[in-house]
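Source file: input20.txt (compact mmCIF, C-alpha atoms)
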```
# COMPACT_ATOMS: atom_id res chain seq x y z
CA SER A 11 119.64 -49.05 55.72
CA GLN A 12 117.20 -47.76 53.17
CA GLU A 13 113.79 -49.37 52.90
CA LEU A 14 111.20 -49.06 50.18
CA GLU A 15 107.54 -49.63 50.92
CA GLN A 16 105.06 -50.11 48.11
CA SER A 17 101.32 -49.75 48.25
CA PRO A 18 99.05 -51.39 47.59
CA GLN A 19 100.51 -54.88 47.92
CA SER A 20 98.08 -56.16 45.34
CA LEU A 21 95.48 -54.64 43.08
CA ILE A 22 92.68 -55.97 40.88
CA VAL A 23 91.18 -53.55 38.38
CA GLN A 24 88.75 -53.77 35.53
CA GLU A 25 90.17 -53.30 32.07
CA GLY A 26 90.05 -49.65 31.09
CA LYS A 27 90.35 -48.30 34.63
CA ASN A 28 93.16 -46.11 35.87
CA LEU A 29 95.37 -47.08 38.79
CA THR A 30 98.24 -45.76 40.88
CA ILE A 31 101.03 -47.58 42.69
CA ASN A 32 103.09 -45.79 45.32
CA CYS A 33 106.64 -46.28 46.48
CA THR A 34 107.85 -44.60 49.68
CA SER A 35 111.45 -44.52 50.77
CA SER A 36 112.83 -44.22 54.29
CA LYS A 37 115.65 -42.06 52.92
CA THR A 38 116.19 -39.54 50.15
CA LEU A 39 116.11 -41.16 46.75
CA TYR A 40 119.08 -40.58 44.48
CA GLY A 41 117.80 -42.70 41.65
CA LEU A 42 114.38 -44.33 41.51
CA TYR A 43 113.63 -47.12 39.08
CA TRP A 44 110.40 -48.78 38.10
CA TYR A 45 110.36 -52.33 36.79
CA LYS A 46 107.68 -54.75 35.72
CA GLN A 47 107.97 -58.49 36.15
CA LYS A 48 105.90 -61.35 34.87
CA TYR A 49 105.83 -64.18 37.37
CA GLY A 50 108.86 -66.43 36.95
CA GLU A 51 110.56 -64.09 34.51
CA GLY A 52 113.13 -61.35 34.57
CA LEU A 53 112.57 -57.66 35.09
CA ILE A 54 111.52 -55.23 32.41
CA PHE A 55 112.86 -51.72 32.90
CA LEU A 56 110.14 -49.09 32.70
CA MET A 57 111.56 -45.76 33.82
CA MET A 58 114.17 -44.06 35.94
CA LEU A 59 113.70 -40.80 37.85
CA GLN A 60 116.42 -38.73 39.44
CA LYS A 61 115.32 -35.16 39.94
CA GLY A 62 112.79 -33.91 42.48
CA GLY A 63 109.49 -33.23 40.74
CA GLU A 64 110.51 -35.22 37.68
CA GLU A 65 107.81 -36.92 35.65
CA LYS A 66 108.20 -39.37 32.79
CA SER A 67 105.71 -41.12 30.57
CA HIS A 68 105.85 -44.06 28.26
CA GLU A 69 102.74 -45.13 26.43
CA LYS A 70 100.06 -45.32 29.14
CA ILE A 71 102.41 -45.38 32.11
CA THR A 72 103.49 -42.24 33.96
CA ALA A 73 105.95 -42.12 36.85
CA LYS A 74 106.59 -39.20 39.15
CA LEU A 75 109.14 -38.42 41.83
CA ASP A 76 108.08 -35.94 44.49
CA GLU A 77 109.99 -32.76 45.23
CA LYS A 78 111.44 -34.15 48.44
CA LYS A 79 112.63 -37.23 46.56
CA GLN A 80 111.20 -39.68 49.04
CA GLN A 81 108.12 -40.86 47.24
CA SER A 82 107.34 -41.99 43.73
CA SER A 83 104.11 -42.97 42.05
CA LEU A 84 103.38 -45.03 38.96
CA HIS A 85 100.13 -44.31 37.21
CA ILE A 86 98.59 -46.49 34.51
CA THR A 87 95.86 -45.01 32.37
CA ALA A 88 93.16 -47.17 30.77
CA SER A 89 94.65 -50.42 32.01
CA GLN A 90 94.83 -53.46 29.76
CA PRO A 91 95.39 -57.16 30.50
CA SER A 92 98.93 -56.73 29.18
CA HIS A 93 99.66 -54.47 32.14
CA ALA A 94 99.20 -57.34 34.57
CA GLY A 95 102.26 -58.37 36.52
CA ILE A 96 104.40 -57.42 39.48
CA TYR A 97 105.57 -53.83 39.67
CA LEU A 98 108.73 -53.14 41.59
CA CYS A 99 110.33 -49.87 42.50
CA GLY A 100 114.06 -49.87 43.04
CA ALA A 101 116.43 -47.32 44.49
CA ASP A 102 120.13 -46.69 44.39
CA ASN A 103 121.24 -47.51 47.90
CA ARG A 104 124.25 -45.32 48.32
CA GLY A 105 126.87 -46.24 50.82
CA GLY A 106 129.99 -48.31 50.81
CA ALA A 107 132.14 -48.89 47.78
CA THR A 108 129.36 -49.82 45.41
CA ASN A 109 125.96 -48.34 44.80
CA LYS A 110 123.45 -51.15 45.17
CA LEU A 111 119.95 -51.34 43.83
CA ILE A 112 117.41 -52.38 46.43
CA PHE A 113 113.79 -53.14 45.72
CA GLY A 114 110.47 -52.26 47.20
CA THR A 115 108.00 -54.78 48.51
CA GLY A 116 106.29 -55.12 45.14
CA THR A 117 102.74 -54.64 43.88
CA LEU A 118 100.88 -57.44 42.16
CA LEU A 119 98.50 -56.10 39.52
CA ALA A 120 95.72 -58.11 37.93
CA VAL A 121 93.57 -56.63 35.17
CA GLN A 122 90.21 -58.23 34.57
CA PRO A 123 88.95 -58.18 30.98
CA GLY B 220 119.97 -52.73 24.05
CA ALA B 221 122.12 -54.34 26.70
CA VAL B 222 121.39 -57.99 27.32
CA VAL B 223 122.12 -60.18 30.31
CA SER B 224 121.74 -63.91 30.04
CA GLN B 225 121.49 -66.57 32.70
CA HIS B 226 122.13 -70.25 32.45
CA PRO B 227 120.43 -72.49 33.16
CA SER B 228 116.92 -71.03 33.10
CA TRP B 229 115.80 -73.77 35.43
CA VAL B 230 117.43 -76.60 37.32
CA ILE B 231 116.28 -79.43 39.55
CA CYS B 232 118.83 -81.01 41.84
CA LYS B 233 118.95 -83.41 44.72
CA SER B 234 119.54 -82.27 48.27
CA GLY B 235 123.22 -82.14 49.13
CA THR B 236 124.47 -81.43 45.63
CA SER B 237 125.91 -78.14 44.34
CA VAL B 238 124.51 -76.07 41.53
CA LYS B 239 126.24 -73.39 39.48
CA ILE B 240 124.33 -70.55 37.84
CA GLU B 241 125.98 -68.34 35.24
CA CYS B 242 125.27 -64.70 34.54
CA ARG B 243 126.68 -63.10 31.39
CA SER B 244 126.60 -59.61 30.01
CA LEU B 245 126.41 -60.17 26.28
CA ASP B 246 127.26 -56.83 24.71
CA PHE B 247 128.79 -54.73 27.44
CA GLN B 248 131.35 -54.94 30.19
CA ALA B 249 130.28 -55.18 33.77
CA THR B 250 132.75 -54.70 36.59
CA THR B 251 129.86 -55.13 38.99
CA MET B 252 127.11 -57.70 38.95
CA PHE B 253 124.45 -58.36 41.53
CA TRP B 254 122.71 -61.52 42.64
CA TYR B 255 119.15 -61.46 43.88
CA ARG B 256 116.83 -64.06 45.27
CA GLN B 257 113.08 -64.03 44.95
CA PHE B 258 110.54 -66.21 46.73
CA PRO B 259 107.03 -66.68 45.30
CA LYS B 260 104.93 -63.55 45.52
CA GLN B 261 107.75 -61.63 47.14
CA SER B 262 110.12 -58.93 46.05
CA LEU B 263 113.76 -59.33 45.08
CA MET B 264 116.25 -59.55 47.89
CA LEU B 265 119.83 -58.59 47.20
CA MET B 266 122.17 -61.41 48.16
CA ALA B 267 125.56 -60.12 47.13
CA THR B 268 127.51 -57.75 44.94
CA SER B 269 129.96 -59.43 42.62
CA ASN B 270 133.07 -57.45 41.74
CA GLU B 271 135.32 -58.44 38.87
CA GLY B 272 138.70 -59.55 40.11
CA SER B 273 137.89 -59.29 43.80
CA LYS B 274 135.80 -60.91 46.49
CA ALA B 275 132.07 -60.55 46.48
CA THR B 276 130.32 -58.44 49.07
CA TYR B 277 127.52 -60.28 50.80
CA GLU B 278 124.43 -58.79 52.38
CA GLN B 279 123.74 -59.37 56.01
CA GLY B 280 122.34 -62.82 56.68
CA VAL B 281 123.63 -64.39 53.46
CA GLU B 282 126.08 -67.23 54.02
CA LYS B 283 129.15 -66.67 51.89
CA ASP B 284 130.22 -70.30 52.19
CA LYS B 285 126.81 -71.42 51.05
CA PHE B 286 126.53 -69.11 48.07
CA LEU B 287 129.89 -68.91 46.33
CA ILE B 288 130.31 -66.09 43.86
CA ASN B 289 133.03 -65.80 41.28
CA HIS B 290 133.43 -62.87 38.89
CA ALA B 291 136.38 -63.98 36.82
CA SER B 292 135.85 -61.72 33.80
CA LEU B 293 134.11 -58.50 32.84
CA THR B 294 131.25 -60.43 31.30
CA LEU B 295 130.73 -63.42 33.57
CA SER B 296 129.72 -63.97 37.17
CA THR B 297 128.77 -67.32 38.65
CA LEU B 298 126.76 -68.22 41.71
CA THR B 299 127.26 -71.68 43.15
CA VAL B 300 124.76 -72.95 45.67
CA THR B 301 126.72 -75.48 47.69
CA SER B 302 125.16 -78.47 49.41
CA ALA B 303 121.73 -77.32 48.31
CA HIS B 304 118.69 -78.01 50.47
CA PRO B 305 114.98 -77.66 49.73
CA GLU B 306 114.89 -74.28 51.49
CA ASP B 307 117.34 -73.00 48.85
CA SER B 308 114.68 -73.52 46.20
CA SER B 309 114.00 -70.10 44.78
CA PHE B 310 114.18 -67.84 41.75
CA TYR B 311 117.66 -66.39 41.37
CA ILE B 312 118.13 -63.26 39.27
CA CYS B 313 121.36 -61.54 38.37
CA SER B 314 121.90 -58.03 37.12
CA ALA B 315 124.83 -56.26 35.58
CA ARG B 316 125.75 -52.63 35.69
CA ASP B 317 127.19 -51.15 32.52
CA SER B 318 130.67 -49.97 33.51
CA LEU B 319 130.70 -47.27 30.87
CA GLY B 320 127.10 -46.19 30.58
CA GLY B 321 124.80 -44.25 32.87
CA THR B 322 123.80 -40.78 33.82
CA GLY B 323 125.67 -38.99 36.58
CA ASP B 324 126.09 -41.31 39.50
CA SER B 325 123.30 -43.66 38.52
CA TYR B 326 124.33 -46.44 36.25
CA GLU B 327 121.64 -48.35 34.48
CA GLN B 328 121.30 -51.93 35.57
CA TYR B 329 120.24 -54.78 33.31
CA PHE B 330 118.60 -57.92 34.59
CA GLY B 331 118.87 -61.50 33.49
CA PRO B 332 115.78 -63.64 32.89
CA GLY B 333 116.30 -65.56 36.13
CA THR B 334 117.05 -69.13 37.09
CA ARG B 335 114.51 -71.25 38.91
CA LEU B 336 116.18 -73.66 41.29
CA THR B 337 114.26 -76.57 42.76
CA VAL B 338 115.96 -78.78 45.31
CA THR B 339 114.28 -82.11 45.97
```
What does this structure look like when you write it as structure tokens?
Amino acid sequence: SQELEQSPQSLIVQEGKNLTINCTSSKTLYGLYWYKQKYGEGLIFLMMLQKGGEEKSHEKITAKLDEKKQQSSLHITASQPSHAGIYLCGADNRGGATNKLIFGTGTLLAVQP
Amino acid sequence: GAVVSQHPSWVICKSGTSVKIECRSLDFQATTMFWYRQFPKQSLMLMATSNEGSKATYEQGVEKDKFLINHASLTLSTLTVTSAHPEDSSFYICSARDSLGGTGDSYEQYFGPGTRLTVT
């Protein structure tokens, strides 16, 4: 079965600093999703990547999918306290009758003012 | 945008009782819904795939008799935790896949706000 490993597990940065979160898959990624979650709340969809080499940006967050489609990175520029939360990558786990979305191990981000 | 609701948002129950959690897609149809479980400071673990009009598909290690799933309509799936015990205390999140939307083979999935279950 497909596994997603995220690094780092947790991260504390000063406000204004840049940071990168990585997501590595054990198998080729057919659809890679990035979500953000505040503790005890639901998931907020950030971006979806499908094509090798694809890059998408929204406000200060940029996500990339490598050419081999096995690794994705999420980069936050000039971090703010509002960026704090848990970041999860998810992948379409193909196989069987239904495509399932499985999640990475998660990265807890804290931003110090 | 597409909205998924869950009810209740939190529930406290006594050990041995059963609890039902509802997941609704408010403005779209979902032939497939998913149920996840999340422990504190951990990622989401897929429990089962709920299919409208048919039996749910459970992930390995998830007891189907313990976690009953019913997907009676295109907008509603329910998860019933039977004979709940303190170890069942967790954050349960559902998601729904838009049956008609999506790009290629990847259909966008929308998540509910979660239900926090505490079993005393």
Requested in this report: Please return, as a PyMOL selection string, all residues of chain B lying within 6 Å of chain A when all atoms listed in the file are considered.
Outcome: chain B and resi 262+331-333
Writer output for current selection, C-alpha atoms, as an mmCIF file, keeping the file's coordinate frame:
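Saved to selection03.cif:
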```cif
data_model
loop_
_atom_site.group_PDB
_atom_site.id
_atom_site.type_symbol
_atom_site.label_atom_id
_atom_site.label_comp_id
_atom_site.auth_asym_id
_atom_site.auth_seq_id
_atom_site.Cartn_x
_atom_site.Cartn_y
_atom_site.Cartn_z
ATOM 1 C CA SER B 262 110.120 -58.930 46.050
ATOM 2 C CA GLY B 331 118.870 -61.500 33.490
ATOM 3 C CA PRO B 332 115.780 -63.640 32.890
ATOM 4 C CA GLY B 333 116.300 -65.560 36.130
#
```
Query - Who sits within 6 Å of Ala94 of chain A, all atoms listed in the file, same chain under 6 positions skipped, as a VMD selection string - result: chain A and resid 119 to 121
Report task. In Å, rounded to a single decimal, give me how far atom CA of His85 of chain A is from atom CA of Gly63 of chain A. Result ->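 Interatomic distance here is 14.9 Å.
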Report task. Work out how far apart atom CA of Tyr255 of chain B and atom CA of Ala267 of chain B are and give it in Å to one decimal. Result ->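 For atom CA of Tyr255 of chain B relative to atom CA of Ala267 of chain B, the distance reads 7.3 Å.
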**Report entry** Point-to-point distance from atom CA of Met264 of chain B to atom CA of Ala73 of chain A, Å rounded to tenths
**Finding:**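 Atom-to-atom, atom CA of Met264 of chain B to atom CA of Ala73 of chain A, that is 23.1 Å.
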